$ cat entry_30.txt   # compact mmCIF, C-alpha atoms and all ligand atoms
# COMPACT_ATOMS: atom_id res chain seq x y z
CA MET A 151 -159.02 -88.11 -122.02
CA CYS A 152 -159.05 -90.42 -119.00
CA GLY A 153 -161.85 -92.22 -117.20
CA ILE A 154 -162.56 -91.82 -113.50
CA VAL A 155 -164.98 -93.64 -111.27
CA GLY A 156 -165.68 -93.49 -107.54
CA TYR A 157 -167.82 -95.38 -105.02
CA VAL A 158 -168.94 -94.80 -101.42
CA GLY A 159 -171.44 -97.22 -99.87
CA ARG A 160 -172.17 -100.45 -98.08
CA GLN A 161 -174.01 -102.38 -100.78
CA HIS A 162 -170.96 -103.34 -102.81
CA LEU A 163 -167.26 -103.85 -102.48
CA ALA A 164 -165.61 -100.73 -103.90
CA MET A 165 -163.25 -102.94 -105.91
CA ASP A 166 -166.13 -104.56 -107.81
CA VAL A 167 -167.88 -101.27 -108.66
CA LEU A 168 -164.61 -99.63 -109.70
CA VAL A 169 -163.42 -102.43 -111.97
CA ASP A 170 -166.88 -102.76 -113.51
CA GLY A 171 -167.05 -98.99 -114.08
CA LEU A 172 -163.53 -98.88 -115.51
CA ARG A 173 -164.43 -101.59 -117.98
CA ARG A 174 -167.15 -99.33 -119.33
CA LEU A 175 -164.75 -96.36 -119.38
CA GLU A 176 -161.84 -98.18 -120.96
CA TYR A 177 -162.47 -96.39 -124.26
CA ARG A 178 -161.20 -93.25 -122.44
CA GLY A 179 -157.67 -94.61 -122.01
CA TYR A 180 -155.60 -97.76 -122.32
CA ASP A 181 -152.23 -96.59 -120.96
CA SER A 182 -152.69 -97.80 -117.40
CA ALA A 183 -155.36 -98.40 -114.80
CA GLY A 184 -155.48 -98.17 -111.04
CA VAL A 185 -157.61 -98.01 -107.91
CA ALA A 186 -157.25 -96.46 -104.45
CA ILE A 187 -159.45 -98.11 -101.81
CA PHE A 188 -159.81 -97.67 -98.07
CA ASP A 189 -158.78 -101.01 -96.58
CA ASP A 190 -158.49 -101.41 -92.82
CA GLY A 191 -158.04 -97.69 -92.19
CA GLU A 192 -155.36 -97.31 -94.89
CA ILE A 193 -155.64 -96.11 -98.46
CA VAL A 194 -154.28 -98.96 -100.56
CA VAL A 195 -153.28 -98.15 -104.15
CA ARG A 196 -152.96 -100.79 -106.88
CA ARG A 197 -151.89 -99.80 -110.38
CA ALA A 198 -150.87 -101.56 -113.56
CA MET A 199 -149.47 -100.44 -116.86
CA GLY A 200 -151.47 -101.25 -120.00
CA LYS A 201 -155.02 -102.48 -120.34
CA LEU A 202 -157.47 -102.93 -117.51
CA GLY A 203 -157.01 -106.72 -117.63
CA ASN A 204 -153.56 -106.28 -116.04
CA LEU A 205 -155.04 -104.47 -113.04
CA GLU A 206 -157.83 -107.05 -112.82
CA GLY A 207 -155.19 -109.78 -112.58
CA ILE A 208 -153.51 -108.00 -109.66
CA LEU A 209 -156.83 -107.50 -107.86
CA ARG A 210 -157.80 -111.14 -108.41
CA ASP A 211 -154.57 -112.25 -106.74
CA SER A 212 -154.94 -109.84 -103.82
CA PRO A 213 -158.54 -108.62 -103.45
CA MET A 214 -159.49 -105.56 -101.39
CA SER A 215 -162.48 -105.45 -99.10
CA GLY A 216 -163.03 -101.67 -98.70
CA ARG A 217 -166.30 -99.83 -99.40
CA ILE A 218 -164.88 -96.45 -100.51
CA GLY A 219 -162.58 -96.02 -103.47
CA LEU A 220 -161.54 -94.34 -106.68
CA GLY A 221 -160.55 -95.86 -110.02
CA HIS A 222 -158.86 -94.54 -113.15
CA THR A 223 -158.04 -95.53 -116.69
CA ARG A 224 -155.37 -93.29 -118.22
CA TRP A 225 -154.65 -91.64 -121.53
CA ALA A 226 -151.40 -89.86 -120.74
CA THR A 227 -150.80 -86.14 -121.23
CA HIS A 228 -148.00 -85.46 -118.69
CA GLY A 229 -145.45 -88.23 -118.31
CA LYS A 230 -145.19 -91.36 -120.42
CA PRO A 231 -147.44 -94.37 -119.87
CA SER A 232 -145.86 -96.30 -116.97
CA GLU A 233 -146.85 -97.73 -113.61
CA ARG A 234 -145.13 -94.81 -111.87
CA ASN A 235 -147.28 -92.30 -113.79
CA ALA A 236 -150.47 -94.33 -113.42
CA HIS A 237 -153.28 -92.90 -111.29
CA PRO A 238 -154.29 -92.84 -108.45
CA HIS A 239 -151.56 -90.49 -107.26
CA ARG A 240 -150.97 -89.92 -103.61
CA ALA A 241 -149.29 -87.32 -101.45
CA GLY A 242 -149.26 -87.77 -97.68
CA SER A 243 -152.75 -88.78 -96.61
CA VAL A 244 -154.43 -87.90 -99.91
CA ALA A 245 -155.07 -89.96 -103.06
CA ILE A 246 -156.63 -88.66 -106.26
CA VAL A 247 -157.68 -89.65 -109.77
CA HIS A 248 -157.80 -86.94 -112.43
CA ASN A 249 -159.06 -86.35 -115.95
CA GLY A 250 -157.70 -83.18 -117.53
CA ILE A 251 -154.64 -81.05 -118.11
CA ILE A 252 -153.07 -78.65 -115.61
CA GLU A 253 -151.57 -75.83 -117.67
CA ASN A 254 -149.50 -74.16 -114.94
CA TYR A 255 -147.79 -77.51 -114.32
CA ARG A 256 -144.21 -76.21 -114.51
CA ALA A 257 -144.68 -73.27 -112.15
CA LEU A 258 -146.62 -75.39 -109.65
CA ARG A 259 -144.06 -78.18 -109.69
CA GLN A 260 -141.24 -75.70 -109.08
CA SER A 261 -143.04 -74.06 -106.20
CA LEU A 262 -143.97 -77.42 -104.59
CA GLU A 263 -140.40 -78.69 -104.92
CA ALA A 264 -139.10 -75.42 -103.49
CA ALA A 265 -141.44 -76.04 -100.53
CA GLY A 266 -139.74 -79.40 -99.94
CA ARG A 267 -142.23 -81.72 -101.66
CA THR A 268 -140.82 -84.67 -103.61
CA MET A 269 -142.63 -85.87 -106.72
CA GLU A 270 -142.89 -89.58 -107.42
CA SER A 271 -144.19 -89.17 -110.98
CA GLU A 272 -144.00 -86.85 -113.99
CA THR A 273 -147.74 -86.16 -113.98
CA ASP A 274 -149.61 -82.92 -113.47
CA THR A 275 -152.06 -84.90 -111.34
CA GLU A 276 -149.60 -85.58 -108.54
CA LEU A 277 -149.23 -81.84 -108.05
CA ILE A 278 -152.93 -81.58 -107.24
CA ALA A 279 -152.55 -84.33 -104.61
CA HIS A 280 -149.72 -82.37 -102.98
CA LEU A 281 -151.66 -79.10 -103.02
CA ILE A 282 -154.56 -80.82 -101.26
CA ASP A 283 -152.31 -82.60 -98.79
CA ILE A 284 -150.64 -79.33 -97.76
CA GLU A 285 -154.06 -77.91 -96.88
CA VAL A 286 -155.14 -81.08 -95.05
CA GLU A 287 -151.92 -80.96 -93.03
CA ALA A 288 -152.82 -77.38 -92.12
CA GLY A 289 -156.04 -78.72 -90.57
CA LYS A 290 -158.60 -78.16 -93.31
CA SER A 291 -161.42 -80.52 -94.15
CA LEU A 292 -160.99 -82.43 -97.42
CA LEU A 293 -163.58 -80.20 -99.09
CA GLU A 294 -161.88 -76.98 -97.99
CA ALA A 295 -158.47 -78.41 -98.90
CA VAL A 296 -159.73 -79.27 -102.40
CA ARG A 297 -161.26 -75.80 -102.80
CA SER A 298 -157.99 -74.10 -101.81
CA ALA A 299 -155.96 -76.38 -104.09
CA CYS A 300 -158.26 -75.64 -107.03
CA SER A 301 -157.75 -71.90 -106.59
CA ARG A 302 -154.12 -72.51 -107.62
CA LEU A 303 -154.90 -74.59 -110.70
CA VAL A 304 -155.03 -73.30 -114.27
CA GLY A 305 -156.41 -75.74 -116.81
CA SER A 306 -159.07 -78.38 -117.02
CA TYR A 307 -159.80 -80.94 -114.39
CA ALA A 308 -162.32 -83.41 -113.16
CA PHE A 309 -160.98 -85.28 -110.18
CA GLY A 310 -161.96 -87.30 -107.17
CA ALA A 311 -160.01 -87.19 -103.90
CA ILE A 312 -160.00 -89.28 -100.72
CA CYS A 313 -158.13 -88.61 -97.50
CA LYS A 314 -156.89 -91.16 -94.98
CA THR A 315 -157.84 -89.00 -91.99
CA GLN A 316 -161.40 -88.32 -93.28
CA PRO A 317 -162.44 -91.80 -94.33
CA ASP A 318 -166.23 -91.55 -94.64
CA HIS A 319 -166.47 -89.47 -97.81
CA MET A 320 -164.81 -88.37 -101.03
CA VAL A 321 -164.69 -84.99 -102.74
CA ALA A 322 -164.97 -84.26 -106.47
CA ALA A 323 -164.07 -81.07 -108.34
CA LYS A 324 -164.67 -79.96 -111.90
CA ASN A 325 -163.48 -77.18 -114.17
CA GLY A 326 -163.13 -76.94 -117.95
CA GLY A 327 -164.27 -79.63 -120.33
CA SER A 328 -163.76 -82.78 -118.29
CA PRO A 329 -167.12 -84.21 -117.19
CA ILE A 330 -168.18 -85.50 -113.76
CA ILE A 331 -171.45 -87.33 -113.32
CA LEU A 332 -172.71 -88.03 -109.81
CA GLY A 333 -174.97 -90.98 -109.11
CA LEU A 334 -177.24 -91.49 -106.11
CA GLY A 335 -178.36 -94.81 -104.72
CA GLU A 336 -179.77 -96.29 -101.53
CA LYS A 337 -177.05 -95.62 -98.93
CA GLN A 338 -174.45 -95.25 -101.67
CA SER A 339 -173.07 -92.64 -104.08
CA PHE A 340 -171.04 -92.79 -107.25
CA LEU A 341 -168.98 -90.55 -109.46
CA ALA A 342 -167.91 -91.20 -113.05
CA SER A 343 -166.68 -89.58 -116.25
CA ASP A 344 -169.55 -91.03 -118.22
CA ILE A 345 -173.07 -92.33 -117.59
CA PRO A 346 -172.64 -95.99 -118.65
CA ALA A 347 -169.95 -96.53 -115.98
CA ILE A 348 -172.52 -96.35 -113.17
CA LEU A 349 -175.76 -97.08 -115.04
CA PRO A 350 -176.04 -100.67 -113.71
CA TYR A 351 -176.18 -99.26 -110.15
CA THR A 352 -178.39 -96.19 -110.39
CA ARG A 353 -180.36 -94.08 -112.83
CA GLN A 354 -180.56 -91.10 -110.48
CA MET A 355 -177.78 -88.87 -111.74
CA LEU A 356 -176.74 -85.24 -111.78
CA PHE A 357 -174.01 -83.32 -113.54
CA LEU A 358 -171.37 -81.29 -111.78
CA HIS A 359 -170.93 -77.89 -113.44
CA ASP A 360 -167.69 -75.99 -113.98
CA GLY A 361 -166.30 -74.46 -110.80
CA GLU A 362 -168.34 -76.77 -108.57
CA PHE A 363 -167.38 -79.37 -105.98
CA ALA A 364 -169.24 -82.35 -104.56
CA VAL A 365 -169.01 -84.25 -101.30
CA LEU A 366 -170.06 -87.89 -101.70
CA GLY A 367 -171.01 -89.98 -98.69
CA GLU A 368 -173.17 -92.98 -97.93
CA ASP A 369 -176.05 -90.65 -97.17
CA GLY A 370 -175.96 -88.81 -100.47
CA VAL A 371 -174.21 -86.13 -102.44
CA GLN A 372 -173.87 -82.42 -101.66
CA VAL A 373 -172.94 -80.06 -104.49
CA ILE A 374 -171.01 -76.93 -103.47
CA ASP A 375 -170.51 -73.82 -105.61
CA GLU A 376 -167.29 -71.85 -106.17
CA GLU A 377 -167.95 -69.70 -103.09
CA GLY A 378 -168.52 -72.75 -100.90
CA ARG A 379 -172.32 -72.45 -100.75
CA PRO A 380 -174.51 -75.57 -101.03
CA VAL A 381 -176.24 -75.92 -104.41
CA ASP A 382 -179.73 -77.33 -104.50
CA ARG A 383 -179.71 -79.65 -107.52
CA GLU A 384 -182.07 -82.57 -107.79
CA PRO A 385 -180.90 -85.72 -109.55
CA ARG A 386 -182.77 -86.65 -112.72
CA PRO A 387 -183.58 -90.15 -113.85
CA ILE A 388 -181.48 -91.22 -116.82
CA GLN A 389 -183.77 -92.94 -119.32
CA TRP A 390 -181.09 -95.13 -120.88
CA ASP A 391 -181.65 -98.81 -120.36
CA PRO A 392 -178.74 -100.37 -118.40
CA VAL A 393 -178.96 -103.40 -120.71
CA SER A 394 -178.13 -101.13 -123.65
CA ALA A 395 -174.74 -100.52 -122.03
CA GLU A 396 -174.03 -104.28 -122.12
CA LYS A 397 -172.81 -106.28 -125.11
CA GLY A 398 -176.11 -108.18 -125.33
CA GLY A 399 -174.81 -111.30 -127.10
CA TYR A 400 -172.50 -109.45 -129.51
CA ASP A 401 -168.72 -109.96 -129.42
CA ARG A 402 -167.96 -106.23 -129.48
CA PHE A 403 -169.75 -103.06 -128.44
CA MET A 404 -169.09 -101.56 -131.86
CA GLN A 405 -170.69 -104.53 -133.63
CA LYS A 406 -173.76 -104.21 -131.41
CA GLU A 407 -173.94 -100.46 -131.98
CA ILE A 408 -173.78 -100.86 -135.78
CA PHE A 409 -176.86 -103.10 -135.59
CA GLU A 410 -178.61 -100.63 -133.29
CA GLN A 411 -178.54 -97.90 -135.94
CA PRO A 412 -182.02 -98.45 -137.45
CA ARG A 413 -183.57 -98.34 -133.95
CA ALA A 414 -181.53 -95.28 -132.96
CA ILE A 415 -182.51 -93.40 -136.13
CA MET A 416 -186.18 -94.28 -135.69
CA ASP A 417 -186.09 -93.17 -132.06
CA THR A 418 -184.45 -89.91 -133.10
CA ILE A 419 -186.65 -88.90 -136.03
CA GLY A 420 -189.75 -91.01 -135.38
CA THR A 421 -191.31 -88.58 -132.93
CA ARG A 422 -190.45 -85.57 -135.08
CA VAL A 423 -191.77 -86.62 -138.48
CA SER A 424 -195.44 -87.33 -139.09
CA GLU A 425 -195.86 -90.58 -141.01
CA ALA A 426 -199.21 -89.39 -142.34
CA THR A 427 -198.27 -85.96 -143.66
CA GLY A 428 -194.47 -85.98 -143.76
CA GLU A 429 -194.54 -82.77 -141.67
CA ILE A 430 -191.65 -82.16 -139.34
CA ASP A 431 -192.43 -81.22 -135.77
CA LEU A 432 -189.65 -79.35 -134.00
CA SER A 433 -191.89 -77.67 -131.44
CA GLU A 434 -189.36 -78.70 -128.76
CA ILE A 435 -187.18 -75.78 -129.87
CA ASP A 436 -188.13 -72.14 -129.81
CA LEU A 437 -187.53 -71.09 -133.40
CA SER A 438 -190.36 -69.28 -135.13
CA PRO A 439 -190.67 -69.06 -138.94
CA ALA A 440 -189.88 -65.32 -138.59
CA ALA A 441 -186.66 -66.12 -136.71
CA VAL A 442 -185.73 -68.71 -139.35
CA SER A 443 -186.21 -66.19 -142.12
CA ARG A 444 -183.66 -63.90 -140.43
CA VAL A 445 -180.98 -66.63 -140.53
CA GLU A 446 -178.48 -65.92 -143.30
CA ARG A 447 -175.88 -68.56 -142.52
CA LEU A 448 -175.49 -71.73 -140.49
CA CYS A 449 -172.30 -72.52 -138.65
CA LEU A 450 -171.83 -76.16 -137.63
CA VAL A 451 -169.10 -76.71 -135.09
CA ALA A 452 -167.80 -79.96 -133.58
CA CYS A 453 -164.81 -82.21 -132.94
CA GLY A 454 -163.86 -85.71 -134.09
CA THR A 455 -166.66 -87.85 -135.48
CA ALA A 456 -169.25 -85.17 -134.77
CA TYR A 457 -167.24 -82.93 -137.12
CA TYR A 458 -167.72 -85.51 -139.90
CA SER A 459 -171.43 -85.62 -139.23
CA CYS A 460 -171.43 -81.83 -139.65
CA MET A 461 -169.80 -82.25 -143.07
CA VAL A 462 -172.67 -84.52 -144.10
CA GLY A 463 -175.06 -82.01 -142.51
CA LYS A 464 -173.65 -79.22 -144.69
CA TYR A 465 -174.70 -81.08 -147.87
CA LEU A 466 -178.19 -81.67 -146.49
CA TYR A 467 -178.81 -78.17 -145.11
CA GLU A 468 -177.54 -76.46 -148.25
CA GLN A 469 -179.53 -78.72 -150.57
CA ILE A 470 -182.74 -78.77 -148.56
CA ALA A 471 -182.82 -75.36 -146.88
CA GLY A 472 -180.75 -73.42 -149.43
CA ILE A 473 -178.80 -71.66 -146.68
CA PRO A 474 -175.00 -71.31 -146.81
CA VAL A 475 -173.33 -73.54 -144.23
CA GLU A 476 -169.86 -73.34 -142.71
CA VAL A 477 -168.37 -76.31 -140.88
CA ASP A 478 -165.72 -75.64 -138.24
CA LEU A 479 -163.47 -77.80 -136.15
CA ALA A 480 -164.31 -76.58 -132.67
CA SER A 481 -160.65 -76.57 -131.62
CA GLU A 482 -159.88 -74.00 -134.36
CA PHE A 483 -163.05 -71.95 -134.07
CA ARG A 484 -161.92 -69.40 -131.48
CA TYR A 485 -158.58 -68.85 -133.13
CA ARG A 486 -159.86 -67.97 -136.60
CA LYS A 487 -162.03 -65.18 -135.16
CA PRO A 488 -165.23 -66.20 -136.99
CA ILE A 489 -167.65 -63.53 -138.15
CA LEU A 490 -170.71 -64.09 -136.00
CA ASP A 491 -173.81 -62.09 -135.18
CA ALA A 492 -177.58 -62.50 -134.77
CA ARG A 493 -177.95 -63.50 -138.44
CA VAL A 494 -175.84 -66.63 -137.91
CA LEU A 495 -177.38 -69.76 -136.40
CA VAL A 496 -174.68 -71.80 -134.69
CA ILE A 497 -175.16 -75.58 -134.28
CA PRO A 498 -172.64 -77.26 -131.96
CA VAL A 499 -172.73 -81.06 -132.27
CA SER A 500 -171.46 -83.30 -129.47
CA GLN A 501 -172.54 -86.82 -128.55
CA SER A 502 -171.60 -86.42 -124.89
CA GLY A 503 -172.51 -82.74 -124.72
CA GLU A 504 -169.28 -82.23 -122.78
CA THR A 505 -166.65 -81.77 -125.53
CA ALA A 506 -164.42 -78.98 -124.20
CA ASP A 507 -163.56 -77.25 -127.50
CA THR A 508 -167.17 -77.44 -128.72
CA LEU A 509 -168.31 -75.87 -125.47
CA ALA A 510 -165.77 -73.07 -125.87
CA ALA A 511 -167.02 -72.46 -129.43
CA LEU A 512 -170.62 -72.34 -128.18
CA ARG A 513 -169.71 -69.71 -125.59
CA GLU A 514 -167.91 -67.66 -128.25
CA ALA A 515 -170.99 -67.82 -130.49
CA ARG A 516 -173.36 -66.75 -127.70
CA ALA A 517 -171.08 -63.88 -126.72
CA ALA A 518 -171.17 -62.69 -130.34
CA GLY A 519 -174.98 -62.63 -130.31
CA SER A 520 -175.68 -65.74 -132.42
CA ARG A 521 -178.51 -68.10 -131.64
CA VAL A 522 -177.29 -71.56 -130.63
CA ILE A 523 -179.14 -74.83 -131.15
CA SER A 524 -177.03 -77.80 -130.16
CA ILE A 525 -177.33 -81.46 -131.13
CA CYS A 526 -176.47 -83.77 -128.22
CA ASN A 527 -177.11 -87.33 -127.14
CA VAL A 528 -176.94 -86.79 -123.37
CA ARG A 529 -179.71 -84.93 -121.59
CA ASP A 530 -178.76 -81.87 -119.57
CA ALA A 531 -175.07 -82.13 -120.46
CA THR A 532 -173.17 -78.84 -120.31
CA ILE A 533 -173.48 -78.04 -124.04
CA ALA A 534 -177.21 -78.78 -123.93
CA ARG A 535 -177.67 -76.56 -120.87
CA GLU A 536 -175.73 -73.64 -122.28
CA SER A 537 -177.47 -73.59 -125.69
CA HIS A 538 -180.61 -71.58 -126.41
CA ASP A 539 -182.20 -74.81 -127.60
CA VAL A 540 -181.19 -78.42 -128.01
CA LEU A 541 -182.19 -81.23 -130.34
CA TYR A 542 -181.50 -84.52 -128.64
CA THR A 543 -180.51 -87.60 -130.58
CA GLN A 544 -181.74 -90.90 -129.16
CA ALA A 545 -178.72 -93.10 -129.81
CA GLY A 546 -178.46 -94.30 -126.19
CA PRO A 547 -175.04 -95.10 -124.73
CA GLU A 548 -172.26 -95.58 -127.25
CA ILE A 549 -169.25 -97.42 -125.85
CA GLY A 550 -167.33 -98.19 -129.06
CA VAL A 551 -164.52 -95.71 -129.70
CA ALA A 552 -165.25 -95.58 -133.44
CA SER A 553 -168.63 -93.90 -133.46
CA THR A 554 -171.49 -95.51 -135.38
CA LYS A 555 -175.05 -94.90 -134.14
CA ALA A 556 -174.14 -91.58 -132.50
CA PHE A 557 -172.77 -90.45 -135.87
CA THR A 558 -175.76 -91.50 -137.96
CA THR A 559 -178.34 -90.07 -135.57
CA CYS A 560 -176.60 -86.65 -135.60
CA TRP A 561 -177.05 -85.92 -139.26
CA ARG A 562 -180.44 -87.53 -139.63
N1 LIG B 601 -152.96 -85.17 -117.16
C1 LIG B 601 -153.23 -86.43 -116.56
C2 LIG B 601 -152.18 -87.46 -116.92
O1 LIG B 601 -151.45 -87.33 -117.85
C3 LIG B 601 -154.63 -86.90 -116.94
C4 LIG B 601 -154.73 -87.22 -118.41
C5 LIG B 601 -156.11 -87.08 -119.05
O2 LIG B 601 -157.12 -86.79 -118.45
O3 LIG B 601 -156.16 -87.24 -120.30
O4 LIG B 601 -152.08 -88.45 -116.25
$ encode --input "entry_30.txt" --output "structure tokens"
Amino acid sequence: MCGIVGYVGRQHLAMDVLVDGLRRLEYRGYDSAGVAIFDDGEIVVRRAMGKLGNLEGILRDSPMSGRIGLGHTRWATHGKPSERNAHPHRAGSVAIVHNGIIENYRALRQSLEAAGRTMESETDTELIAHLIDIEVEAGKSLLEAVRSACSRLVGSYAFGAICKTQPDHMVAAKNGGSPIILGLGEKQSFLASDIPAILPYTRQMLFLHDGEFAVLGEDGVQVIDEEGRPVDREPRPIQWDPVSAEKGGYDRFMQKEIFEQPRAIMDTIGTRVSEATGEIDLSEIDLSPAAVSRVERLCLVACGTAYYSCMVGKYLYEQIAGIPVEVDLASEFRYRKPILDARVLVIPVSQSGETADTLAALREARAAGSRVISICNVRDATIARESHDVLYTQAGPEIGVASTKAFTTCWR
């Protein structure tokens, strides 16, 4: 997991938006941090090993005045944590930040080196920068160069790219589990791995889907599909309160989130349980009593903390509903070849709604003919969109790495 953030606009200095966004994304990686910003017609890259504070120190000593830039906080997969392996990575006129894992890394590296390219780092990310740069050198626009480069990638990626010769925009690409959220503002656009990173600047956001690209400029965002056709997708207002993504007088986000649990639980179940009669109202999902009576088994599937909430859920479902429940780690689900059909109700649980293994499990379940009702905390996230139905929790943004309110709202 890494965190990426991007800014194009005139209202702010890119440096300020990027550092602010990275602070809110720091839970996604502590190995190194870096920014690439257009400054006086050049792309200037500043990177530092370790926590974000080290990069902040460098930027304080030598600030940058550009209005377009990308930022990254790294959790290393290819190449040890070091300044050399820190993002952004550049090749020729291109700089990129990346969240994901390129699986054909070895073959690509060999073929790029055979073509005369020299790598500065051990990362898979740098290869993407070279693939894009080759296409830019051949005369393609940044968007077309990114599309061609992506056709050679196997694996998961969410990345943002800027190009020295095309300085008025940036391009984003997404495939596999890594999320990209696009934000729209007045004469400015944003990209980020997670909503809280850009919530102080805009609530108008949209999600990039797998296989899609986006061009971000001062005048807005254009989403492009795999075939290069424009996609008409309206942004939706995010209801989360920007203040809820701040520490609000507490020393730590986690401390604040522990104390937010009663409110989060009330927000989650309050609208679904009648105080007067105790009746539960789940009319938001399309599950008739007849359909329920056909369910012979529940299959709860998740990763990390959400997996633990499923283990609590198993006790509750079996005791209250009297239906056998299986709990699966999403990363193992596909490989154990689970027995699934229309009699099994599958419940993927994911706070972000973007967990790659949980999404893969969901797709497996749908392909096998099971009904899927997911539990997510983020509206319209990929897992929510791809499920037959979704029950949203109302935990709001959770920044703390050790989950608290997102955990308790899941199994309530
Ligand atoms: N594979 C990239 C690296 O190691 C990105 C890591 C990630 O997204 O977790 O730098």
$ residues_near_ligand --input "entry_30.txt" --ligand "ligand LIG 601 (chain B)" --cutoff "8 Å" --atoms "all atoms listed in the file" --output "ChimeraX atom specification"
/A:151-153,179,224-230,235-237,248-252,273-275,307,328
$ atom_distance --input "entry_30.txt" --atom1 "atom CA of A:Lys555" --atom2 "atom CA of A:Leu202"
25.5 Å
$ closest_residue --input "entry_30.txt" --among "A:Pro238, A:Ala299, A:Tyr400, A:Cys560" --to "A:Val194" --atoms "only C-alpha atoms"
A:Pro238
$ residues_around --input "entry_30.txt" --residues "stretch 284-286 of chain A" --least-positions-apart "6" --cutoff "8 Å" --atoms "all atoms listed in the file" --output "VMD selection string"
chain A and resid 292 294 to 295 298 to 299
$ closest_residue --input "entry_30.txt" --among "A:Gln501, A:Thr421, A:Gln372, A:Gln260" --to "A:Asp530" --atoms "all atoms listed in the file"
A:Gln501
$ closest_residue --input "entry_30.txt" --among "A:Cys453, A:Ile330, A:Thr508, A:Glu336" --to "A:Ala364" --atoms "all atoms listed in the file"
A:Ile330
$ residues_around --input "entry_30.txt" --residues "stretch 308-322 of chain A" --least-positions-apart "3" --cutoff "8 Å" --atoms "all atoms listed in the file" --output "PyMOL selection string"
chain A and resi 154+156+158+188+191-193+218-220+243-250+291-293+296+325+328-330+363-368
$ closest_residue --input "entry_30.txt" --among "A:Gly333, A:Thr543, A:Val304, A:Tyr458" --to "A:Arg422" --atoms "all atoms listed in the file"
A:Thr543
$ closest_residue --input "entry_30.txt" --among "A:Glu384, A:Glu548, A:Asp539, A:Asp166" --to "A:Arg521" --atoms "all atoms listed in the file"
A:Asp539
$ closest_residue --input "entry_30.txt" --among "A:Pro547, A:Glu362, A:Glu270, A:Ser433" --to "A:Pro392" --atoms "all atoms listed in the file"
A:Pro547
$ atom_distance --input "entry_30.txt" --atom1 "atom CA of A:Asn254" --atom2 "atom CA of A:Glu276"
13.1 Å
$ atom_distance --input "entry_30.txt" --atom1 "atom CA of A:Arg535" --atom2 "atom CA of A:His222"
27.1 Å
$ build_atoms --input "entry_30.txt" --residues "stretch 272-284 of chain A" --atoms "N, CA and C atoms" --output "compact mmCIF listing (two decimals), in the coordinates of the input"
# COMPACT_ATOMS: atom_id res chain seq x y z
N GLU A 272 -144.16 -88.03 -113.11
CA GLU A 272 -144.00 -86.85 -113.99
C GLU A 272 -145.34 -86.19 -114.28
N THR A 273 -146.39 -86.62 -113.60
CA THR A 273 -147.74 -86.16 -113.98
C THR A 273 -148.08 -84.81 -113.36
N ASP A 274 -149.03 -84.14 -114.03
CA ASP A 274 -149.61 -82.92 -113.47
C ASP A 274 -150.54 -83.27 -112.29
N THR A 275 -151.10 -84.48 -112.35
CA THR A 275 -152.06 -84.90 -111.34
C THR A 275 -151.45 -84.95 -109.93
N GLU A 276 -150.22 -85.45 -109.86
CA GLU A 276 -149.60 -85.58 -108.54
C GLU A 276 -149.49 -84.22 -107.85
N LEU A 277 -149.33 -83.17 -108.66
CA LEU A 277 -149.23 -81.84 -108.05
C LEU A 277 -150.52 -81.49 -107.30
N ILE A 278 -151.64 -81.89 -107.89
CA ILE A 278 -152.93 -81.58 -107.24
C ILE A 278 -152.99 -82.30 -105.88
N ALA A 279 -152.53 -83.57 -105.88
CA ALA A 279 -152.55 -84.33 -104.61
C ALA A 279 -151.71 -83.61 -103.55
N HIS A 280 -150.56 -83.08 -103.96
CA HIS A 280 -149.72 -82.37 -102.98
C HIS A 280 -150.39 -81.08 -102.49
N LEU A 281 -151.00 -80.36 -103.43
CA LEU A 281 -151.66 -79.10 -103.02
C LEU A 281 -152.75 -79.39 -101.99
N ILE A 282 -153.49 -80.47 -102.21
CA ILE A 282 -154.56 -80.82 -101.26
C ILE A 282 -153.95 -81.26 -99.93
N ASP A 283 -152.91 -82.08 -100.01
CA ASP A 283 -152.31 -82.60 -98.79
C ASP A 283 -151.75 -81.48 -97.90
N ILE A 284 -151.18 -80.47 -98.54
CA ILE A 284 -150.64 -79.33 -97.76
C ILE A 284 -151.77 -78.70 -96.92
